[in-house]
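my_file_1.cif follows; it contains mmCIF, C-alpha atoms (C1' of nucleotides).
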data_run
loop_
_atom_site.label_atom_id
_atom_site.label_comp_id
_atom_site.auth_asym_id
_atom_site.auth_seq_id
_atom_site.Cartn_x
_atom_site.Cartn_y
_atom_site.Cartn_z
CA MET I 1 -11.29 3.64 -26.56
CA ARG I 2 -11.96 4.38 -30.10
CA ASP I 3 -15.24 2.57 -30.74
CA THR I 4 -17.30 4.54 -28.24
CA ASP I 5 -16.70 7.56 -26.07
CA LEU I 6 -16.13 5.50 -22.97
CA LEU I 7 -12.86 5.73 -21.09
CA THR I 8 -10.64 3.03 -19.65
CA VAL I 9 -9.46 3.22 -16.10
CA GLY I 10 -6.04 4.24 -17.32
CA GLU I 11 -7.43 7.08 -19.37
CA VAL I 12 -9.55 8.32 -16.52
CA ALA I 13 -6.60 8.13 -14.19
CA ARG I 14 -4.37 10.05 -16.54
CA ARG I 15 -6.93 12.73 -17.23
CA ALA I 16 -7.88 13.11 -13.59
CA GLY I 17 -4.31 13.10 -12.38
CA LEU I 18 -4.79 10.03 -10.22
CA ALA I 19 -3.35 6.57 -9.98
CA THR I 20 -5.43 3.82 -11.49
CA SER I 21 -5.54 2.24 -8.08
CA ALA I 22 -7.20 5.36 -6.75
CA VAL I 23 -9.82 5.31 -9.48
CA ARG I 24 -10.63 1.68 -8.73
CA PHE I 25 -10.68 2.52 -5.06
CA TYR I 26 -13.18 5.32 -5.57
CA GLU I 27 -15.38 3.00 -7.55
CA ALA I 28 -15.18 0.38 -4.82
CA GLN I 29 -16.21 3.12 -2.40
CA GLY I 30 -19.24 3.94 -4.47
CA LEU I 31 -18.05 7.40 -5.42
CA ILE I 32 -18.08 6.76 -9.15
CA ASP I 33 -19.71 4.21 -11.42
CA ALA I 34 -18.47 2.16 -14.31
CA THR I 35 -19.88 -0.20 -16.86
CA ARG I 36 -17.97 -3.27 -17.93
CA THR I 37 -16.84 -4.71 -21.22
CA ALA I 38 -17.64 -8.30 -22.11
CA GLY I 39 -14.21 -9.15 -20.79
CA GLY I 40 -14.83 -7.47 -17.47
CA GLN I 41 -12.83 -4.29 -17.93
CA ARG I 42 -14.11 -1.00 -16.61
CA ARG I 43 -15.46 1.63 -18.93
CA TYR I 44 -16.22 5.09 -17.64
CA GLU I 45 -18.45 7.80 -18.94
CA ARG I 46 -16.94 11.20 -19.36
CA GLN I 47 -19.10 12.36 -16.51
CA VAL I 48 -16.87 10.66 -13.97
CA LEU I 49 -14.17 13.19 -14.73
CA ARG I 50 -16.34 15.90 -13.32
CA ARG I 51 -17.14 13.78 -10.31
CA LEU I 52 -13.48 13.18 -9.73
CA ALA I 53 -12.79 16.87 -10.13
CA PHE I 54 -15.37 17.58 -7.48
CA LEU I 55 -13.91 14.89 -5.30
CA ARG I 56 -10.44 16.26 -5.54
CA ALA I 57 -11.51 19.84 -4.95
CA ALA I 58 -13.52 18.71 -1.96
CA GLN I 59 -10.48 16.97 -0.53
CA ASN I 60 -8.52 20.15 -0.95
CA VAL I 61 -11.12 21.93 1.08
CA GLY I 62 -10.83 19.29 3.75
CA LEU I 63 -13.71 16.94 3.17
CA SER I 64 -13.41 13.24 3.81
CA LEU I 65 -14.52 10.69 1.27
CA ASP I 66 -17.55 10.02 3.41
CA GLU I 67 -18.57 13.63 3.14
CA VAL I 68 -17.91 13.60 -0.56
CA ARG I 69 -20.11 10.56 -0.88
CA ASP I 70 -22.89 12.32 0.98
CA ALA I 71 -22.54 15.38 -1.18
CA LEU I 72 -22.56 13.40 -4.40
CA ALA I 73 -25.62 11.55 -3.21
CA THR I 74 -27.58 14.80 -3.36
CA LEU I 75 -27.03 15.08 -7.09
CA PRO I 76 -30.17 14.44 -9.11
CA ARG I 77 -30.91 10.90 -10.14
CA GLY I 78 -31.92 10.35 -13.70
CA ARG I 79 -30.92 13.74 -15.03
CA PRO I 80 -27.30 14.71 -15.53
CA PRO I 81 -26.09 17.28 -13.00
CA THR I 82 -26.03 20.87 -14.15
CA LYS I 83 -23.49 23.53 -13.35
CA ALA I 84 -25.94 24.79 -10.80
CA ASP I 85 -25.92 21.40 -9.13
CA TRP I 86 -22.18 21.45 -8.80
CA ALA I 87 -22.18 25.04 -7.65
CA ARG I 88 -24.71 24.21 -4.97
CA LEU I 89 -22.51 21.44 -3.67
CA SER I 90 -19.37 23.49 -3.52
CA ALA I 91 -20.94 26.67 -2.19
CA GLN I 92 -20.70 25.29 1.33
CA TRP I 93 -16.96 24.99 1.14
CA ARG I 94 -16.49 28.71 1.40
CA GLU I 95 -17.74 28.83 4.96
CA ARG I 96 -15.53 25.94 5.88
CA LEU I 97 -12.51 27.64 4.42
CA ASP I 98 -13.33 30.87 6.21
CA GLU I 99 -13.37 29.01 9.50
CA GLN I 100 -10.14 27.26 8.77
CA ILE I 101 -8.44 30.48 7.82
CA ALA I 102 -9.73 32.21 10.92
CA GLY I 103 -8.40 29.40 13.07
CA LEU I 104 -4.97 29.62 11.53
CA VAL I 105 -4.83 33.38 11.80
CA LYS I 106 -5.72 33.13 15.44
CA LEU I 107 -3.03 30.58 15.94
CA ARG I 108 -0.47 32.69 14.14
CA ASP I 109 -1.31 35.76 16.13
CA GLY I 110 -1.14 33.77 19.31
CA LEU I 111 2.23 32.56 18.22
CA THR I 112 3.44 36.05 17.53
CA SER I 113 2.68 37.20 21.01
CA CYS I 114 3.90 33.95 22.47
CA ILE I 115 7.33 33.95 20.94
CA GLY I 116 8.07 37.21 22.63
CA CYS I 117 7.00 36.05 26.04
CA GLY I 118 8.76 32.74 25.84
CA CYS I 119 5.80 31.01 27.35
CA LEU I 120 4.53 27.66 26.20
CA SER I 121 2.98 26.82 29.47
CA LEU I 122 0.57 24.00 29.35
CA ARG I 123 -2.78 25.58 29.87
CA SER I 124 -2.22 29.27 29.46
CA CYS I 125 -0.67 29.42 26.03
CA SER I 126 -2.92 29.98 23.07
CA LEU I 127 -0.67 27.73 21.07
CA ASN I 128 -1.73 24.86 23.17
CA ASN I 129 -5.24 26.04 23.64
CA PRO I 130 -6.18 27.45 20.29
CA GLY I 131 -8.85 30.10 20.04
CA ASP I 132 -12.49 29.62 20.69
CA GLY I 133 -13.24 29.84 17.03
CA VAL I 134 -11.91 26.37 16.64
CA ALA I 135 -12.39 25.11 20.16
CA ALA I 136 -14.71 22.42 18.90
CA LEU I 137 -11.71 20.67 17.47
CA GLY I 138 -10.81 19.47 20.92
CA PRO I 139 -7.68 19.50 22.96
CA GLY I 140 -5.67 17.19 20.81
CA ALA I 141 -6.73 18.62 17.49
CA ARG I 142 -4.06 19.40 15.02
CA TYR I 143 -4.49 22.23 12.62
CA LEU I 144 -2.52 20.93 9.74
CA PRO I 145 -1.59 17.31 9.94
CA GLY I 146 0.98 15.51 7.94
CA ALA I 147 -0.89 15.39 4.68
CA LEU I 148 -0.06 19.00 4.11
CA ARG I 149 3.55 18.16 3.94
CA ARG I 150 3.29 14.88 2.14
CA PRO I 151 5.34 14.38 -0.97
CA VAL I 152 3.73 14.19 -4.36
CA ARG I 153 1.91 10.96 -4.93
CA ALA I 154 0.65 9.35 -8.06
CA GLY I 155 -0.33 11.58 -10.87
CA MET J 1 4.68 11.73 44.47
CA ARG J 2 5.21 13.31 47.75
CA ASP J 3 8.79 12.35 48.55
CA THR J 4 10.46 14.10 45.62
CA ASP J 5 9.35 16.52 42.97
CA LEU J 6 9.18 13.84 40.34
CA LEU J 7 5.93 13.15 38.55
CA THR J 8 4.23 9.88 37.73
CA VAL J 9 3.01 9.19 34.25
CA GLY J 10 -0.52 9.84 35.37
CA GLU J 11 0.36 13.22 36.80
CA VAL J 12 2.24 14.21 33.69
CA ALA J 13 -0.65 13.08 31.53
CA ARG J 14 -3.17 15.03 33.57
CA ARG J 15 -1.11 18.18 33.65
CA ALA J 16 -0.25 18.01 29.99
CA GLY J 17 -3.75 17.16 28.92
CA LEU J 18 -2.74 13.86 27.38
CA ALA J 19 -3.58 10.21 27.83
CA THR J 20 -1.02 8.20 29.77
CA SER J 21 -0.66 6.02 26.71
CA ALA J 22 0.42 9.09 24.76
CA VAL J 23 3.01 9.99 27.36
CA ARG J 24 4.45 6.50 27.26
CA PHE J 25 4.34 6.60 23.50
CA TYR J 26 6.30 9.83 23.40
CA GLU J 27 8.88 8.35 25.67
CA ALA J 28 9.15 5.26 23.50
CA GLN J 29 9.67 7.62 20.58
CA GLY J 30 12.50 9.33 22.36
CA LEU J 31 10.72 12.64 22.67
CA ILE J 32 10.88 12.76 26.45
CA ASP J 33 12.93 11.02 29.11
CA ALA J 34 12.07 9.36 32.38
CA THR J 35 13.87 7.80 35.28
CA ARG J 36 12.54 4.71 36.95
CA THR J 37 11.67 3.75 40.51
CA ALA J 38 13.07 0.58 42.03
CA GLY J 39 9.82 -1.06 41.02
CA GLY J 40 10.14 0.03 37.42
CA GLN J 41 7.63 2.84 37.36
CA ARG J 42 8.33 5.99 35.39
CA ARG J 43 9.21 9.22 37.12
CA TYR J 44 9.37 12.44 35.18
CA GLU J 45 11.08 15.70 35.86
CA ARG J 46 9.00 18.81 35.67
CA GLN J 47 10.92 19.76 32.58
CA VAL J 48 9.02 17.24 30.49
CA LEU J 49 5.91 19.37 30.87
CA ARG J 50 7.56 22.10 28.89
CA ARG J 51 8.71 19.62 26.31
CA LEU J 52 5.21 18.29 25.99
CA ALA J 53 3.87 21.82 25.71
CA PHE J 54 6.27 22.44 22.90
CA LEU J 55 5.30 19.18 21.29
CA ARG J 56 1.63 19.96 21.40
CA ALA J 57 2.05 23.48 20.14
CA ALA J 58 4.22 22.18 17.33
CA GLN J 59 1.54 19.69 16.38
CA ASN J 60 -0.97 22.49 16.27
CA VAL J 61 1.25 24.28 13.85
CA GLY J 62 1.43 21.18 11.72
CA LEU J 63 4.71 19.52 12.63
CA SER J 64 5.05 15.76 12.70
CA LEU J 65 6.59 13.98 15.64
CA ASP J 66 9.68 13.43 13.52
CA GLU J 67 10.04 17.14 13.06
CA VAL J 68 9.44 17.71 16.73
CA ARG J 69 12.14 15.21 17.51
CA ASP J 70 14.53 17.04 15.25
CA ALA J 71 13.67 20.36 16.82
CA LEU J 72 14.06 19.06 20.35
CA ALA J 73 17.41 17.58 19.39
CA THR J 74 18.74 21.08 18.86
CA LEU J 75 18.18 21.97 22.49
CA PRO J 76 21.39 22.29 24.47
CA ARG J 77 22.77 19.18 26.11
CA GLY J 78 23.85 19.51 29.68
CA ARG J 79 22.29 22.86 30.36
CA PRO J 80 18.55 23.26 30.81
CA PRO J 81 16.87 25.06 27.91
CA THR J 82 16.18 28.74 28.37
CA LYS J 83 13.20 30.70 27.19
CA ALA J 84 15.37 31.87 24.36
CA ASP J 85 15.96 28.29 23.36
CA TRP J 86 12.26 27.60 23.17
CA ALA J 87 11.60 30.85 21.38
CA ARG J 88 14.25 30.00 18.82
CA LEU J 89 12.57 26.69 18.14
CA SER J 90 9.11 28.09 17.75
CA ALA J 91 10.05 31.18 15.78
CA GLN J 92 10.05 29.16 12.58
CA TRP J 93 6.43 28.22 12.98
CA ARG J 94 5.28 31.66 12.05
CA GLU J 95 6.53 31.35 8.52
CA ARG J 96 4.89 27.99 8.19
CA LEU J 97 1.59 29.37 9.37
CA ASP J 98 1.85 32.30 7.00
CA GLU J 99 2.27 29.93 4.10
CA GLN J 100 -0.60 27.79 5.20
CA ILE J 101 -2.87 30.78 5.58
CA ALA J 102 -1.85 32.12 2.20
CA GLY J 103 -2.62 28.78 0.63
CA LEU J 104 -6.07 28.64 2.15
CA VAL J 105 -6.86 32.21 1.19
CA LYS J 106 -5.87 31.45 -2.35
CA LEU J 107 -8.05 28.41 -2.33
CA ARG J 108 -10.97 30.32 -0.92
CA ASP J 109 -10.66 33.09 -3.47
CA GLY J 110 -10.36 30.53 -6.21
CA LEU J 111 -13.50 28.95 -4.90
CA THR J 112 -15.35 32.22 -4.86
CA SER J 113 -14.67 32.83 -8.51
CA CYS J 114 -15.24 29.19 -9.31
CA ILE J 115 -18.68 28.89 -7.83
CA GLY J 116 -19.91 31.56 -10.14
CA CYS J 117 -18.51 29.98 -13.25
CA GLY J 118 -19.61 26.48 -12.37
CA CYS J 119 -16.33 25.10 -13.53
CA LEU J 120 -14.53 22.28 -11.77
CA SER J 121 -12.74 21.15 -14.83
CA LEU J 122 -9.88 18.88 -14.14
CA ARG J 123 -6.83 20.90 -14.95
CA SER J 124 -8.05 24.44 -15.28
CA CYS J 125 -9.74 24.97 -11.93
CA SER J 126 -7.72 26.47 -9.14
CA LEU J 127 -9.61 24.28 -6.73
CA ASN J 128 -7.99 21.29 -8.24
CA ASN J 129 -4.74 22.98 -8.94
CA PRO J 130 -4.13 25.16 -5.94
CA GLY J 131 -2.08 28.27 -6.31
CA ASP J 132 1.61 28.41 -6.95
CA GLY J 133 2.22 29.49 -3.41
CA VAL J 134 1.58 25.98 -2.31
CA ALA J 135 2.36 24.17 -5.50
CA ALA J 136 5.10 22.28 -3.74
CA LEU J 137 2.44 20.32 -1.97
CA GLY J 138 1.85 18.35 -5.10
CA PRO J 139 -1.21 17.38 -7.04
CA GLY J 140 -2.75 15.18 -4.45
CA ALA J 141 -2.13 17.38 -1.48
CA ARG J 142 -5.03 18.08 0.77
CA TYR J 143 -5.19 21.33 2.60
CA LEU J 144 -6.96 20.24 5.68
CA PRO J 145 -7.26 16.54 6.08
CA GLY J 146 -9.46 14.64 8.39
CA ALA J 147 -7.66 15.42 11.59
CA LEU J 148 -9.16 18.87 11.53
CA ARG J 149 -12.57 17.41 11.92
CA ARG J 150 -11.73 14.56 14.22
CA PRO J 151 -13.63 14.25 17.48
CA VAL J 152 -11.96 14.96 20.74
CA ARG J 153 -9.62 12.24 21.81
CA ALA J 154 -8.01 11.52 25.15
CA GLY J 155 -7.52 14.43 27.44
"C1'" DG Z 1 -0.87 -6.22 56.11
"C1'" DT Z 2 -4.43 -5.53 53.03
"C1'" DT Z 3 -6.28 -3.15 49.31
"C1'" DC Z 4 -6.75 -1.28 44.87
"C1'" DA Z 5 -5.97 2.65 41.92
"C1'" DA Z 6 -2.37 3.33 39.18
"C1'" DG Z 7 1.53 1.48 37.17
"C1'" DT Z 8 4.06 -2.10 33.92
"C1'" DT Z 9 4.89 -4.63 29.12
"C1'" DG Z 10 4.43 -5.88 24.26
"C1'" DA Z 11 1.55 -6.81 20.73
"C1'" DA Z 12 -2.19 -5.69 18.19
"C1'" DG Z 13 -5.92 -2.55 16.74
"C1'" DT Z 14 -7.62 2.05 14.85
"C1'" DT Z 15 -8.55 5.49 11.01
"C1'" DG Z 16 -8.39 7.33 6.22
"C1'" DA Z 17 -6.97 7.06 1.86
"C1'" DC Z 18 -4.86 4.76 -0.75
"C1'" DT Z 19 -0.78 1.59 -2.74
"C1'" DT Z 20 1.37 -2.75 -3.62
"C1'" DG Z 21 1.71 -7.48 -4.96
"C1'" DA Z 22 0.61 -11.70 -7.00
"C1'" DA Z 23 -1.32 -14.22 -10.36
"C1'" DG Z 24 -3.77 -14.19 -14.06
"C1'" DT Z 25 -6.91 -12.05 -18.31
"C1'" DC Z 26 -8.07 -8.77 -22.11
"C1'" DA Z 27 -7.68 -6.17 -26.33
"C1'" DA Z 28 -5.60 -3.87 -30.06
"C1'" DG Z 29 -1.73 -3.54 -33.32
"C1'" DG Z 30 1.09 -6.08 -36.48
"C1'" DC F 1 -2.12 -15.77 -34.20
"C1'" DC F 2 0.94 -13.42 -31.21
"C1'" DT F 3 2.63 -10.16 -28.42
"C1'" DT F 4 2.42 -6.91 -24.94
"C1'" DG F 5 0.76 -3.26 -22.38
"C1'" DA F 6 -3.19 -2.48 -19.94
"C1'" DC F 7 -6.42 -4.57 -17.43
"C1'" DT F 8 -8.63 -7.88 -13.56
"C1'" DT F 9 -9.28 -9.26 -8.31
"C1'" DC F 10 -8.46 -9.33 -3.60
"C1'" DA F 11 -5.72 -9.46 0.28
"C1'" DA F 12 -2.39 -7.23 2.58
"C1'" DG F 13 0.69 -3.32 3.33
"C1'" DT F 14 1.51 1.73 4.38
"C1'" DC F 15 1.66 5.89 7.27
"C1'" DA F 16 0.97 8.73 11.62
"C1'" DA F 17 -0.14 9.01 16.01
"C1'" DC F 18 -1.86 6.91 19.18
"C1'" DT F 19 -5.23 3.56 21.83
"C1'" DT F 20 -6.58 -0.80 23.56
"C1'" DC F 21 -5.88 -5.18 25.57
"C1'" DA F 22 -4.37 -8.73 28.69
"C1'" DA F 23 -1.98 -10.18 32.28
"C1'" DC F 24 0.54 -8.78 35.82
"C1'" DT F 25 3.13 -5.60 39.53
"C1'" DT F 26 3.73 -1.33 42.57
"C1'" DG F 27 3.09 1.66 46.06
"C1'" DA F 28 0.62 4.53 49.16
"C1'" DA F 29 -3.27 4.88 52.14
"C1'" DC F 30 -5.67 2.92 55.77
#
As structure tokens - that is how I would like this structure written.
Amino acid sequence: MRDTDLLTVGEVARRAGLATSAVRFYEAQGLIDATRTAGGQRRYERQVLRRLAFLRAAQNVGLSLDEVRDALATLPRGRPPTKADWARLSAQWRERLDEQIAGLVKLRDGLTSCIGCGCLSLRSCSLNNPGDGVAALGPGARYLPGALRRPVRAG
Amino acid sequence: MRDTDLLTVGEVARRAGLATSAVRFYEAQGLIDATRTAGGQRRYERQVLRRLAFLRAAQNVGLSLDEVRDALATLPRGRPPTKADWARLSAQWRERLDEQIAGLVKLRDGLTSCIGCGCLSLRSCSLNNPGDGVAALGPGARYLPGALRRPVRAG
DNA sequence: GTTCAAGTTGAAGTTGACTTGAAGTCAAGG
DNA sequence: CCTTGACTTCAAGTCAACTTCAACTTGAAC
């Protein structure tokens, strides 16, 4: 894009470290907006880069796209979001991270005592019945599912 | 089961805190074994409860079923596994948890400094480019995907 | 011997976050 | 004008870990 300051989907993808398919997907999901050229190609404002940055950071903290959508929906309409707006959105992540860390620490400590005792019994072991701090996750909840170990994707 | 000490799929499921469909699924995946009655119904040895306990604990630590399968494959053939065998298997989880905790702490601390500065820029923010300690996870890696927040499933 | 909860199978569905493919169009440089 | 890389759409595929369904059979209690 040399005529205006709008970005193509490829440029956005490259600068955001995503695949173009992901960018299109996010647009289809209503997470970002785009205008179109006469020929029907997408053109993005620079602002989407910040949205995508928020989106990616939010994912790192464990939010789903639905939650990201909800969060983004609280941004002001009409006026461009300020730093304070973004800070407000992300301030809640800290609590979430604290909980997640606490849950893992509890699990690790349970593990430490468990290894020694050789237990692993179904109901008594803290490894199978993680601490109360995360009890709301339910019996089948996994602490760190596959995504953590997934190979590098598009970028 | 009153005639022998074998367990039906329902009993195993109840005692392991799983759905029967999950127990059958694990068997189909080669994670546990079963004998059959004349009529074709599954009968499990008590030993599978320990295997399922291991499986569930491993999932809590973040292992996939593939990894669980690999781990279980290292159990001795012919002789029943000892406590030491189980302890050997689970000892490696600790390191994994330590890494995961470290990654989250890094993320949280990055967040703390980030909120103040209002950044969120694409490449410079630690929230989008998590610390080196977990760099191997790749650009798109999520720390705590949806499963963490999933509602309780079968039990 | 009847009953019926609990068991059986295999295929298909679920969820989230995307990716892939096919078949065709656009736009910018030369 | 021509080429060619980048773009378009939309349906379908992917992955993990199961669940659900339908249609049918077993087995233990009474």
*Between CA of Arg69 (chain I) and CA of Gly103 (chain J), what is the distance, to one decimal in Å?*
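Going from CA of Arg69 (chain I) over to CA of Gly103 (chain J), I get 25.3 Å.
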*asked:* Could you work out which residues of chain F fall inside 8 Å of chain J? Count all atoms listed in the file, and format the result as an MDAnalysis selection string.
replied: chainID F and resid 18:19 26
Using only C-alpha atoms (C1' of nucleotides), please write the residues we just selected to a file, as a PDB file, in the coordinates of the input.
ATOM      1  C1'  DC F  18      -1.860   6.910  19.180  1.00  0.00           C
ATOM      2  C1'  DT F  19      -5.230   3.560  21.830  1.00  0.00           C
ATOM      3  C1'  DT F  26       3.730  -1.330  42.570  1.00  0.00           C
TER       4       DT F  26
END
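Using the PyMOL selection byres ((chain Z) within 8 of (chain I)) on this structure selects DC18, DT19 and DC26 of chain Z.
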*Output the residue selection produced by the PyMOL selection byres ((chain F and resi 5) around 12) on the file above, formatted as a PyMOL selection string.*
(chain I and resi 10) or (chain Z and resi 26-29) or (chain F and resi 3-4+6-7)
*Selected by the PyMOL selection byres ((chain Z and resi 4) around 12) in the shown coordinates: which residues, as an NGL selection string?*
(:Z and (2-3 or 5-7)) or (:F and (26-30))
I need the chosen residues saved as a compact mmCIF listing (two decimals), keeping the file's coordinate frame, with C-alpha atoms (C1' of nucleotides).
# COMPACT_ATOMS: atom_id res chain seq x y z
C1' DT Z 2 -4.43 -5.53 53.03
C1' DT Z 3 -6.28 -3.15 49.31
C1' DA Z 5 -5.97 2.65 41.92
C1' DA Z 6 -2.37 3.33 39.18
C1' DG Z 7 1.53 1.48 37.17
C1' DT F 26 3.73 -1.33 42.57
C1' DG F 27 3.09 1.66 46.06
C1' DA F 28 0.62 4.53 49.16
C1' DA F 29 -3.27 4.88 52.14
C1' DC F 30 -5.67 2.92 55.77
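You will find CA of Arg36 (chain I) at 18.2 Å from C1' of DC10 (chain F).
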*asked:* Using only C-alpha atoms for the distances, tell me which of I:Val12, I:Ala71, I:Leu7, I:Leu104 is nearest to chain J.
replied: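 Checking each of I:Val12, I:Ala71, I:Leu7, I:Leu104 against chain J, counting only C-alpha atoms, the winner is I:Leu104.
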_Need to verify the contact set: Thr74 (chain J), 12 Å, all atoms listed in the file, exclusion of same-chain residues closer than 3 positions in sequence. Can you return it as a list in words?_
Glu67, Val68, Arg69, Asp70, Ala71, Arg77, Pro81, Asp85, Trp86, Arg88, Leu89 and Ser90 of chain J
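Proximity ranking of Z:DG30, Z:DT15, Z:DG24, Z:DT9 relative to DC24 (chain F) places Z:DT9 first, based on all atoms listed in the file.
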*Could you work out how far CA of Asn60 (chain I) lies from CA of Arg15 (chain I), giving the answer in Å with one decimal?*
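CA of Arg15 (chain I) sits 18.0 Å away from CA of Asn60 (chain I).
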*With distances taken over all atoms listed in the file, which of J:Ile115, J:Leu18, J:Val9, J:Cys125 is nearest to Lys83 (chain I)?*
J:Ile115
